[in-house]
$ cat entry10.txt   # compact mmCIF, C-alpha atoms
# COMPACT_ATOMS: atom_id res chain seq x y z
CA MET A 1 290.78 46.37 53.79
CA TYR A 2 289.35 44.62 50.74
CA ASP A 3 289.61 40.85 50.50
CA SER A 4 288.16 38.13 48.35
CA GLU A 5 285.11 37.80 50.60
CA SER A 6 284.25 41.51 50.76
CA LYS A 7 280.76 42.50 49.62
CA ASP A 8 282.34 45.54 47.96
CA PHE A 9 284.81 43.42 46.05
CA GLY A 10 282.59 43.12 43.00
CA ASP A 11 280.95 45.92 41.05
CA ALA A 12 279.62 47.66 44.19
CA LEU A 13 282.81 49.57 44.99
CA PRO A 14 282.34 53.09 46.38
CA GLU A 15 282.65 55.66 43.58
CA ALA A 16 286.02 57.01 44.74
CA GLU A 17 287.44 53.49 44.95
CA LEU A 18 286.11 52.55 41.52
CA LEU A 19 287.60 55.68 39.97
CA ALA A 20 290.96 55.00 41.63
CA PHE A 21 290.90 51.39 40.42
CA LYS A 22 290.22 52.51 36.83
CA LYS A 23 292.93 55.15 37.09
CA ILE A 24 295.46 52.51 38.17
CA ILE A 25 294.57 50.36 35.13
CA ASN A 26 294.80 53.37 32.80
CA ASN A 27 298.17 54.34 34.29
CA ILE A 28 299.56 50.84 33.72
CA TYR A 29 298.65 51.23 30.06
CA ARG A 30 300.05 54.79 29.86
CA CYS A 31 303.25 54.10 31.81
CA ARG A 32 304.04 50.52 30.84
CA GLY A 33 302.14 49.97 27.60
CA VAL A 34 300.19 46.93 28.86
CA ASP A 35 296.44 47.20 28.35
CA PHE A 36 294.28 45.51 31.00
CA ARG A 37 291.25 47.72 30.42
CA GLN A 38 289.13 44.90 28.99
CA TYR A 39 290.18 42.23 31.48
CA ARG A 40 287.56 40.98 33.90
CA PRO A 41 287.51 43.57 36.74
CA LYS A 42 287.08 41.08 39.58
CA CYS A 43 290.13 39.08 38.50
CA LEU A 44 292.19 42.25 38.17
CA ARG A 45 291.12 43.51 41.58
CA ARG A 46 292.28 40.32 43.25
CA ARG A 47 295.75 40.74 41.73
CA ILE A 48 295.94 44.46 42.52
CA ILE A 49 294.89 43.86 46.12
CA VAL A 50 297.91 41.60 46.49
CA GLY A 51 300.02 44.55 45.33
CA MET A 52 298.26 46.73 47.90
CA HIS A 53 299.13 44.25 50.63
CA ASP A 54 302.79 44.40 49.54
CA VAL A 55 302.99 48.11 50.38
CA ARG A 56 300.51 47.98 53.27
CA VAL A 57 297.77 50.24 52.00
CA ASN A 58 294.09 49.60 52.58
CA SER A 59 292.27 51.05 49.57
CA PHE A 60 292.59 51.70 45.86
CA VAL A 61 292.68 55.45 46.57
CA GLU A 62 295.66 55.01 48.91
CA TYR A 63 297.35 52.71 46.43
CA LEU A 64 296.87 55.17 43.56
CA ASN A 65 298.48 57.90 45.67
CA PHE A 66 301.35 55.55 46.50
CA LEU A 67 301.89 54.77 42.81
CA ILE A 68 301.84 58.46 41.90
CA LYS A 69 304.62 59.10 44.43
CA ASN A 70 306.49 55.87 43.51
CA PRO A 71 305.99 55.31 39.76
CA GLU A 72 308.69 52.62 39.71
CA ALA A 73 306.26 50.48 41.75
CA TYR A 74 304.21 49.93 38.58
CA ASP A 75 306.81 47.31 37.64
CA SER A 76 306.08 45.30 40.79
CA LEU A 77 302.34 45.69 40.27
CA LEU A 78 302.63 44.52 36.67
CA ASN A 79 304.47 41.42 37.89
CA ARG A 80 301.70 40.78 40.42
CA ILE A 81 299.01 40.99 37.75
CA THR A 82 300.77 38.77 35.23
CA ILE A 83 302.32 36.25 37.65
CA ASN A 84 301.62 32.59 36.95
CA VAL A 85 302.19 29.80 39.42
CA THR A 86 303.82 27.21 37.23
CA GLU A 87 306.07 24.17 37.22
CA PHE A 88 307.29 21.59 34.73
CA PHE A 89 304.48 19.39 33.39
CA ARG A 90 301.86 21.24 35.41
CA ASN A 91 298.56 19.32 35.15
CA GLN A 92 300.04 15.95 34.25
CA GLU A 93 296.74 14.67 32.83
CA THR A 94 296.75 17.37 30.16
CA PHE A 95 300.32 16.60 29.10
CA LYS A 96 299.51 12.89 29.05
CA ALA A 97 296.52 13.47 26.76
CA VAL A 98 298.60 15.64 24.43
CA ARG A 99 301.43 13.10 24.40
CA LEU A 100 299.19 10.11 23.64
CA LYS A 101 296.52 11.66 21.43
CA VAL A 102 297.76 14.89 19.89
CA ILE A 103 301.47 14.59 19.14
CA PRO A 104 301.13 11.28 17.22
CA GLU A 105 298.39 12.85 15.06
CA ILE A 106 300.58 15.86 14.33
CA ILE A 107 303.50 13.61 13.40
CA LYS A 108 301.25 11.55 11.12
CA ALA A 109 300.02 14.71 9.37
CA LYS A 110 303.58 15.96 8.94
CA LYS A 111 304.70 12.71 7.35
CA GLU A 112 301.79 12.77 4.90
CA ILE A 113 302.90 16.13 3.50
CA HIS A 114 306.64 15.45 3.96
CA ALA A 115 307.04 18.41 6.33
CA SER A 116 310.25 18.67 8.31
CA SER A 117 309.22 20.52 11.46
CA ILE A 118 306.55 20.84 14.14
CA ARG A 119 305.64 24.40 15.18
CA VAL A 120 304.30 24.99 18.69
CA TRP A 121 303.21 28.20 20.40
CA SER A 122 303.26 28.50 24.20
CA SER A 123 301.22 31.69 24.68
CA GLY A 124 301.48 33.16 28.17
CA CYS A 125 304.61 31.14 28.86
CA ALA A 126 305.51 32.95 32.12
CA THR A 127 308.93 31.80 33.36
CA GLY A 128 309.33 29.06 30.77
CA GLU A 129 308.41 25.81 32.46
CA GLU A 130 305.64 25.08 29.94
CA PRO A 131 307.64 25.50 26.70
CA TYR A 132 310.57 23.52 28.13
CA SER A 133 308.12 20.79 29.16
CA LEU A 134 306.76 20.74 25.60
CA ALA A 135 310.29 20.47 24.20
CA ILE A 136 311.02 17.50 26.46
CA MET A 137 307.71 15.75 25.76
CA ILE A 138 307.78 16.13 21.97
CA SER A 139 311.45 15.11 21.82
CA GLU A 140 310.67 11.95 23.75
CA VAL A 141 307.76 11.04 21.46
CA LEU A 142 309.87 11.62 18.36
CA SER A 143 312.63 9.49 19.83
CA GLU A 144 310.21 6.67 20.70
CA LEU A 145 308.78 6.71 17.16
CA ARG A 146 312.23 7.16 15.60
CA GLU A 147 311.07 10.17 13.64
CA ASN A 148 313.50 12.84 12.47
CA ILE A 149 311.36 15.97 12.67
CA LYS A 150 312.59 19.32 14.00
CA ILE A 151 310.81 21.09 16.85
CA ARG A 152 310.30 24.85 16.84
CA ILE A 153 308.61 26.29 19.92
CA TYR A 154 307.62 29.94 20.17
CA ALA A 155 307.13 31.02 23.79
CA THR A 156 305.49 34.41 24.35
CA ASP A 157 304.39 36.59 27.24
CA ILE A 158 303.69 40.24 28.03
CA ASP A 159 305.89 40.12 31.14
CA LYS A 160 309.44 41.02 30.10
CA GLU A 161 310.93 40.08 33.48
CA ALA A 162 309.35 36.62 33.31
CA LEU A 163 310.76 36.19 29.80
CA LYS A 164 314.26 36.97 31.05
CA LEU A 165 313.93 34.19 33.63
CA ALA A 166 312.55 31.85 30.98
CA GLU A 167 315.47 32.50 28.65
CA ALA A 168 317.94 31.86 31.48
CA GLY A 169 316.31 28.44 32.03
CA ILE A 170 317.44 28.03 35.65
CA TYR A 171 314.98 26.64 38.22
CA LYS A 172 314.61 25.63 41.83
CA GLU A 173 314.20 21.96 42.61
CA LYS A 174 310.52 22.34 43.54
CA ALA A 175 309.70 23.36 39.94
CA LEU A 176 310.91 19.91 38.81
CA LYS A 177 308.76 17.85 41.17
CA GLU A 178 306.62 16.35 38.36
CA LEU A 179 309.67 15.16 36.43
CA LYS A 180 311.02 11.63 36.68
CA GLY A 181 314.55 11.22 37.99
CA ARG A 182 315.82 10.14 34.58
CA GLN A 183 314.35 13.30 33.04
CA VAL A 184 316.06 15.54 35.57
CA ASN A 185 319.36 13.82 34.85
CA ALA A 186 318.88 13.92 31.09
CA TYR A 187 317.64 17.47 30.63
CA PHE A 188 319.15 19.49 33.47
CA LYS A 189 322.49 20.23 35.08
CA LYS A 190 322.63 21.10 38.77
CA ASN A 191 324.84 24.09 39.55
CA GLU A 192 326.81 25.02 42.66
CA GLN A 193 323.85 26.95 44.09
CA GLY A 194 321.64 23.85 43.95
CA LEU A 195 319.62 25.22 41.02
CA TYR A 196 318.83 23.29 37.85
CA ALA A 197 319.76 24.65 34.42
CA ILE A 198 318.03 23.31 31.32
CA ASN A 199 320.40 21.76 28.78
CA PRO A 200 321.39 24.08 25.89
CA GLU A 201 320.01 21.54 23.40
CA PHE A 202 316.48 22.26 24.58
CA LYS A 203 317.00 25.99 24.96
CA SER A 204 317.91 26.12 21.27
CA MET A 205 314.48 24.71 20.32
CA ILE A 206 312.65 27.66 21.86
CA ASN A 207 312.32 31.25 20.71
CA PHE A 208 311.18 33.49 23.59
CA MET A 209 309.36 36.63 22.45
CA HIS A 210 307.52 39.57 23.99
CA HIS A 211 304.02 39.33 22.54
CA ASN A 212 300.53 40.46 23.49
CA MET A 213 298.00 37.84 22.41
CA ILE A 214 295.29 40.50 22.31
CA SER A 215 296.85 43.34 20.34
CA ASP A 216 299.71 41.71 18.38
CA GLU A 217 299.34 39.67 15.21
CA PRO A 218 299.03 35.93 15.89
CA LEU A 219 302.05 33.80 15.07
CA PRO A 220 301.52 31.85 11.82
CA ARG A 221 301.35 28.18 10.81
CA MET A 222 301.15 26.61 14.27
CA ASP A 223 300.48 22.90 14.68
CA LEU A 224 299.82 23.18 18.42
CA ILE A 225 299.02 26.10 20.73
CA PHE A 226 299.14 25.96 24.52
CA CYS A 227 297.36 28.85 26.25
CA ARG A 228 296.24 27.55 29.61
CA ASN A 229 294.34 29.31 32.35
CA VAL A 230 294.93 32.78 30.91
CA ILE A 231 291.83 33.62 28.89
CA ILE A 232 289.60 33.20 31.94
CA TYR A 233 290.78 36.65 33.07
CA PHE A 234 289.50 38.31 29.88
CA SER A 235 286.09 39.79 29.13
CA LYS A 236 283.90 37.75 26.79
CA GLU A 237 284.72 40.11 23.94
CA LEU A 238 288.46 39.64 24.47
CA GLN A 239 288.04 35.89 24.81
CA LYS A 240 286.38 35.74 21.41
CA LEU A 241 289.13 37.91 19.91
CA VAL A 242 291.89 35.67 21.29
CA TYR A 243 290.22 32.46 20.16
CA ASP A 244 289.77 33.98 16.70
CA ASN A 245 293.48 34.87 16.67
CA PHE A 246 294.42 31.33 17.63
CA TYR A 247 292.18 30.01 14.86
CA LYS A 248 294.11 32.17 12.38
CA ALA A 249 297.42 30.97 13.84
CA LEU A 250 296.70 27.26 13.51
CA VAL A 251 297.18 25.11 10.44
CA PRO A 252 294.12 23.07 9.36
CA GLN A 253 293.47 20.36 11.96
CA GLY A 254 295.83 22.15 14.37
CA TYR A 255 295.29 21.83 18.12
CA LEU A 256 294.60 24.33 20.91
CA VAL A 257 295.09 23.38 24.58
CA ALA A 258 293.10 25.87 26.64
CA GLY A 259 293.50 24.73 30.27
CA LYS A 260 291.05 23.21 32.70
CA THR A 261 289.84 26.49 34.22
CA GLU A 262 288.57 27.79 30.88
CA ILE A 263 284.82 27.67 30.31
CA LEU A 264 285.06 27.83 26.47
CA MET A 265 281.87 29.87 26.17
CA ALA A 266 283.49 32.20 23.61
CA ILE A 267 284.54 29.36 21.30
CA ASN A 268 283.09 29.56 17.80
CA GLU A 269 281.73 26.07 17.18
CA SER A 270 282.17 26.53 13.44
CA CYS A 271 285.92 27.03 13.96
CA PHE A 272 286.84 24.39 16.56
CA GLU A 273 285.73 20.90 17.48
CA ARG A 274 286.12 19.61 21.01
CA PHE A 275 288.81 16.99 20.66
CA ASP A 276 289.15 16.24 24.41
CA LEU A 277 286.66 18.23 26.47
CA GLN A 278 287.95 17.02 29.84
CA GLU A 279 291.45 18.34 29.11
CA ARG A 280 290.14 21.36 27.15
CA ILE A 281 291.84 20.32 23.91
CA LEU A 282 290.29 21.76 20.74
CA ARG A 283 290.99 21.01 17.08
CA LYS A 284 290.64 23.49 14.25
CA LYS A 285 287.98 22.47 11.76

$ encode --input "entry10.txt" --output "structure tokens"
Amino acid sequence: MYDSESKDFGDALPEAELLAFKKIINNIYRCRGVDFRQYRPKCLRRRIIVGMHDVRVNSFVEYLNFLIKNPEAYDSLLNRITINVTEFFRNQETFKAVRLKVIPEIIKAKKEIHASSIRVWSSGCATGEEPYSLAIMISEVLSELRENIKIRIYATDIDKEALKLAEAGIYKEKALKELKGRQVNAYFKKNEQGLYAINPEFKSMINFMHHNMISDEPLPRMDLIFCRNVIIYFSKELQKLVYDNFYKALVPQGYLVAGKTEILMAINESCFERFDLQERILRKK
């Protein structure tokens, strides 16, 4: 069985295994319309191997045969590939930097041009914890500064099942572990099943959308984009494409939060300046 330590886990797969792996990726595109063909192969293989473990097969060839006989299993595999481990205010240091350094600058710029709203894009939003965290954080800053500016957050993902969960806005207690007690009380209501539902006020700030950051047109006029720990799975060519799309999406002096795992090698230095390198926050030039 393949695992993350296998010598054959990289490019040195046996020919039959490599062909089966490529066929699985092509079939995901053909059957489900999601194109992973330019993602980094090693990252994809790790996710697919988890799917193999789920159905107890030991090779890509066996898994391909299983998928041919059980085409509905492509849905489970797609969820395995796109799954994100997330929680509210994941990576507190990043949110702190955005709260203290970025949001006040955006508010200042809005006041200078008498704009009435802040537009934020959470790209790769998974099950919604990130965009709801952004709604809470920005609302708190606006309240502290006594500013009357509307918040519009666009939360996108390629995983339709994850988007359904995000729109429902109901979470287990462990997803709220980074929140303060007052925040839990202010922004959530506990139901009879012991789950926490986000208040409708904050749900109304967010527009959840199915969107592919690679192939779909970038959303326009964004003041702030969060796309954390996603682009690392892409080839260098795709990374450059996505960063170029985010550049197009941002207003002048808009901000991109890329996530601490990103290497930023594909960043065009003529397009972005490194506003906070430690937290991977970039600003459009």

$ residues_around --input "entry10.txt" --residues "stretch 222-226 of chain A" --least-positions-apart "3" --cutoff "6 Å" --atoms "only C-alpha atoms" --output "list in words"
Arg119, Val120, Trp121, Ser122, Ala249, Leu250, Val251, Gly254, Tyr255, Leu256 and Val257 of chain A

$ closest_residue --input "entry10.txt" --among "A:Arg80, A:Cys43, A:Ile149, A:Phe88" --to "A:Lys108" --atoms "all atoms listed in the file"
A:Ile149

$ atom_distance --input "entry10.txt" --atom1 "atom CA of A:Tyr196" --atom2 "atom CA of A:Tyr171"
5.1 Å

$ axis_aligned_box --input "entry10.txt" --around "stretch 139-142 of chain A" --padding-each-side "8 Å" --output "lines of an AutoDock Vina configuration file"
center_x = 309.6
center_y = 13.1
center_z = 21.1
size_x = 19.7
size_y = 20.1
size_z = 21.4

$ residues_around --input "entry10.txt" --residues "A:Glu173" --least-positions-apart "3" --cutoff "8 Å" --atoms "only C-alpha atoms" --output "list in words"
Leu176, Lys177, Gly194, Leu195 and Tyr196 of chain A

$ closest_atom_pairs --input "entry10.txt" --of "stretch 143-176 of chain A" --to "stretch 103-107 of chain A" --cutoff "12 Å" --atoms "all atoms listed in the file" --output "JSON lines"
{"residue": "A:Ser143", "atom": "CA", "partner": "A:Ile107", "partner_atom": "CA", "distance": 11.9}
{"residue": "A:Glu144", "atom": "CA", "partner": "A:Pro104", "partner_atom": "CA", "distance": 10.8}
{"residue": "A:Leu145", "atom": "CA", "partner": "A:Pro104", "partner_atom": "CA", "distance": 8.9}
{"residue": "A:Arg146", "atom": "CA", "partner": "A:Ile107", "partner_atom": "CA", "distance": 11.1}
{"residue": "A:Glu147", "atom": "CA", "partner": "A:Ile107", "partner_atom": "CA", "distance": 8.3}
{"residue": "A:Asn148", "atom": "CA", "partner": "A:Ile107", "partner_atom": "CA", "distance": 10.1}
{"residue": "A:Ile149", "atom": "CA", "partner": "A:Ile107", "partner_atom": "CA", "distance": 8.2}
{"residue": "A:Lys150", "atom": "CA", "partner": "A:Ile107", "partner_atom": "CA", "distance": 10.8}
{"residue": "A:Ile151", "atom": "CA", "partner": "A:Ile107", "partner_atom": "CA", "distance": 11.0}

$ closest_residue --input "entry10.txt" --among "A:Ala20, A:Ile25, A:Ile158, A:Val242" --to "A:His210" --atoms "only C-alpha atoms"
A:Ile158

$ atom_distance --input "entry10.txt" --atom1 "atom CA of A:Leu78" --atom2 "atom CA of A:Cys227"
19.5 Å

$ atom_distance --input "entry10.txt" --atom1 "atom CA of A:Gly33" --atom2 "atom CA of A:Phe21"
17.1 Å

$ closest_residue --input "entry10.txt" --among "A:Ile24, A:Val34, A:Ile136, A:Ile68" --to "A:Ile48" --atoms "all atoms listed in the file"
A:Ile24

$ closest_residue --input "entry10.txt" --among "A:Glu217, A:Ser117, A:Met209, A:Thr86" --to "A:Lys174" --atoms "only C-alpha atoms"
A:Thr86

$ build_atoms --input "entry10.txt" --residues "stretch 122-147 of chain A" --atoms "N, CA and C atoms" --output "PDB file, in the frame of the given file"
ATOM      1  N   SER A 122     303.618  28.430  22.785  1.00  0.00           N
ATOM      2  CA  SER A 122     303.260  28.500  24.200  1.00  0.00           C
ATOM      3  C   SER A 122     302.949  29.965  24.502  1.00  0.00           C
ATOM      4  N   SER A 123     301.658  30.302  24.510  1.00  0.00           N
ATOM      5  CA  SER A 123     301.220  31.690  24.680  1.00  0.00           C
ATOM      6  C   SER A 123     300.910  31.945  26.150  1.00  0.00           C
ATOM      7  N   GLY A 124     301.555  32.957  26.722  1.00  0.00           N
ATOM      8  CA  GLY A 124     301.480  33.160  28.170  1.00  0.00           C
ATOM      9  C   GLY A 124     302.417  32.202  28.876  1.00  0.00           C
ATOM     10  N   CYS A 125     303.669  32.177  28.411  1.00  0.00           N
ATOM     11  CA  CYS A 125     304.610  31.140  28.860  1.00  0.00           C
ATOM     12  C   CYS A 125     305.213  31.405  30.234  1.00  0.00           C
ATOM     13  N   ALA A 126     304.977  32.600  30.793  1.00  0.00           N
ATOM     14  CA  ALA A 126     305.510  32.950  32.120  1.00  0.00           C
ATOM     15  C   ALA A 126     307.020  32.729  32.175  1.00  0.00           C
ATOM     16  N   THR A 127     307.485  31.964  33.154  1.00  0.00           N
ATOM     17  CA  THR A 127     308.930  31.800  33.360  1.00  0.00           C
ATOM     18  C   THR A 127     309.512  30.588  32.632  1.00  0.00           C
ATOM     19  N   GLY A 128     308.756  30.000  31.702  1.00  0.00           N
ATOM     20  CA  GLY A 128     309.330  29.060  30.770  1.00  0.00           C
ATOM     21  C   GLY A 128     309.137  27.582  31.033  1.00  0.00           C
ATOM     22  N   GLU A 129     308.548  27.230  32.165  1.00  0.00           N
ATOM     23  CA  GLU A 129     308.410  25.810  32.460  1.00  0.00           C
ATOM     24  C   GLU A 129     307.563  25.085  31.407  1.00  0.00           C
ATOM     25  N   GLU A 130     306.507  25.735  30.926  1.00  0.00           N
ATOM     26  CA  GLU A 130     305.640  25.080  29.940  1.00  0.00           C
ATOM     27  C   GLU A 130     306.350  24.816  28.612  1.00  0.00           C
ATOM     28  N   PRO A 131     306.981  25.810  27.968  1.00  0.00           N
ATOM     29  CA  PRO A 131     307.640  25.500  26.700  1.00  0.00           C
ATOM     30  C   PRO A 131     308.778  24.491  26.834  1.00  0.00           C
ATOM     31  N   TYR A 132     309.524  24.532  27.930  1.00  0.00           N
ATOM     32  CA  TYR A 132     310.570  23.520  28.130  1.00  0.00           C
ATOM     33  C   TYR A 132     309.949  22.135  28.310  1.00  0.00           C
ATOM     34  N   SER A 133     308.819  22.067  29.007  1.00  0.00           N
ATOM     35  CA  SER A 133     308.120  20.790  29.160  1.00  0.00           C
ATOM     36  C   SER A 133     307.682  20.258  27.795  1.00  0.00           C
ATOM     37  N   LEU A 134     307.184  21.151  26.949  1.00  0.00           N
ATOM     38  CA  LEU A 134     306.760  20.740  25.600  1.00  0.00           C
ATOM     39  C   LEU A 134     307.951  20.237  24.787  1.00  0.00           C
ATOM     40  N   ALA A 135     309.098  20.910  24.918  1.00  0.00           N
ATOM     41  CA  ALA A 135     310.290  20.470  24.200  1.00  0.00           C
ATOM     42  C   ALA A 135     310.706  19.071  24.637  1.00  0.00           C
ATOM     43  N   ILE A 136     310.656  18.826  25.940  1.00  0.00           N
ATOM     44  CA  ILE A 136     311.020  17.500  26.460  1.00  0.00           C
ATOM     45  C   ILE A 136     310.042  16.443  25.972  1.00  0.00           C
ATOM     46  N   MET A 137     308.740  16.730  26.116  1.00  0.00           N
ATOM     47  CA  MET A 137     307.710  15.750  25.760  1.00  0.00           C
ATOM     48  C   MET A 137     307.754  15.398  24.278  1.00  0.00           C
ATOM     49  N   ILE A 138     307.804  16.399  23.406  1.00  0.00           N
ATOM     50  CA  ILE A 138     307.780  16.130  21.970  1.00  0.00           C
ATOM     51  C   ILE A 138     309.057  15.416  21.548  1.00  0.00           C
ATOM     52  N   SER A 139     310.180  15.790  22.130  1.00  0.00           N
ATOM     53  CA  SER A 139     311.450  15.110  21.820  1.00  0.00           C
ATOM     54  C   SER A 139     311.379  13.637  22.182  1.00  0.00           C
ATOM     55  N   GLU A 140     310.773  13.344  23.321  1.00  0.00           N
ATOM     56  CA  GLU A 140     310.670  11.950  23.750  1.00  0.00           C
ATOM     57  C   GLU A 140     309.763  11.149  22.812  1.00  0.00           C
ATOM     58  N   VAL A 141     308.655  11.754  22.382  1.00  0.00           N
ATOM     59  CA  VAL A 141     307.760  11.040  21.460  1.00  0.00           C
ATOM     60  C   VAL A 141     308.464  10.795  20.127  1.00  0.00           C
ATOM     61  N   LEU A 142     309.144  11.789  19.612  1.00  0.00           N
ATOM     62  CA  LEU A 142     309.870  11.620  18.360  1.00  0.00           C
ATOM     63  C   LEU A 142     310.935  10.544  18.466  1.00  0.00           C
ATOM     64  N   SER A 143     311.603  10.508  19.605  1.00  0.00           N
ATOM     65  CA  SER A 143     312.630   9.490  19.830  1.00  0.00           C
ATOM     66  C   SER A 143     312.015   8.096  19.883  1.00  0.00           C
ATOM     67  N   GLU A 144     310.885   7.965  20.584  1.00  0.00           N
ATOM     68  CA  GLU A 144     310.210   6.670  20.700  1.00  0.00           C
ATOM     69  C   GLU A 144     309.759   6.163  19.331  1.00  0.00           C
ATOM     70  N   LEU A 145     309.284   7.085  18.482  1.00  0.00           N
ATOM     71  CA  LEU A 145     308.780   6.710  17.160  1.00  0.00           C
ATOM     72  C   LEU A 145     309.872   6.715  16.102  1.00  0.00           C
ATOM     73  N   ARG A 146     311.078   7.094  16.513  1.00  0.00           N
ATOM     74  CA  ARG A 146     312.230   7.160  15.600  1.00  0.00           C
ATOM     75  C   ARG A 146     311.946   8.050  14.400  1.00  0.00           C
ATOM     76  N   GLU A 147     311.386   9.206  14.686  1.00  0.00           N
ATOM     77  CA  GLU A 147     311.070  10.170  13.640  1.00  0.00           C
ATOM     78  C   GLU A 147     312.056  11.330  13.701  1.00  0.00           C
TER      79      GLU A 147
END
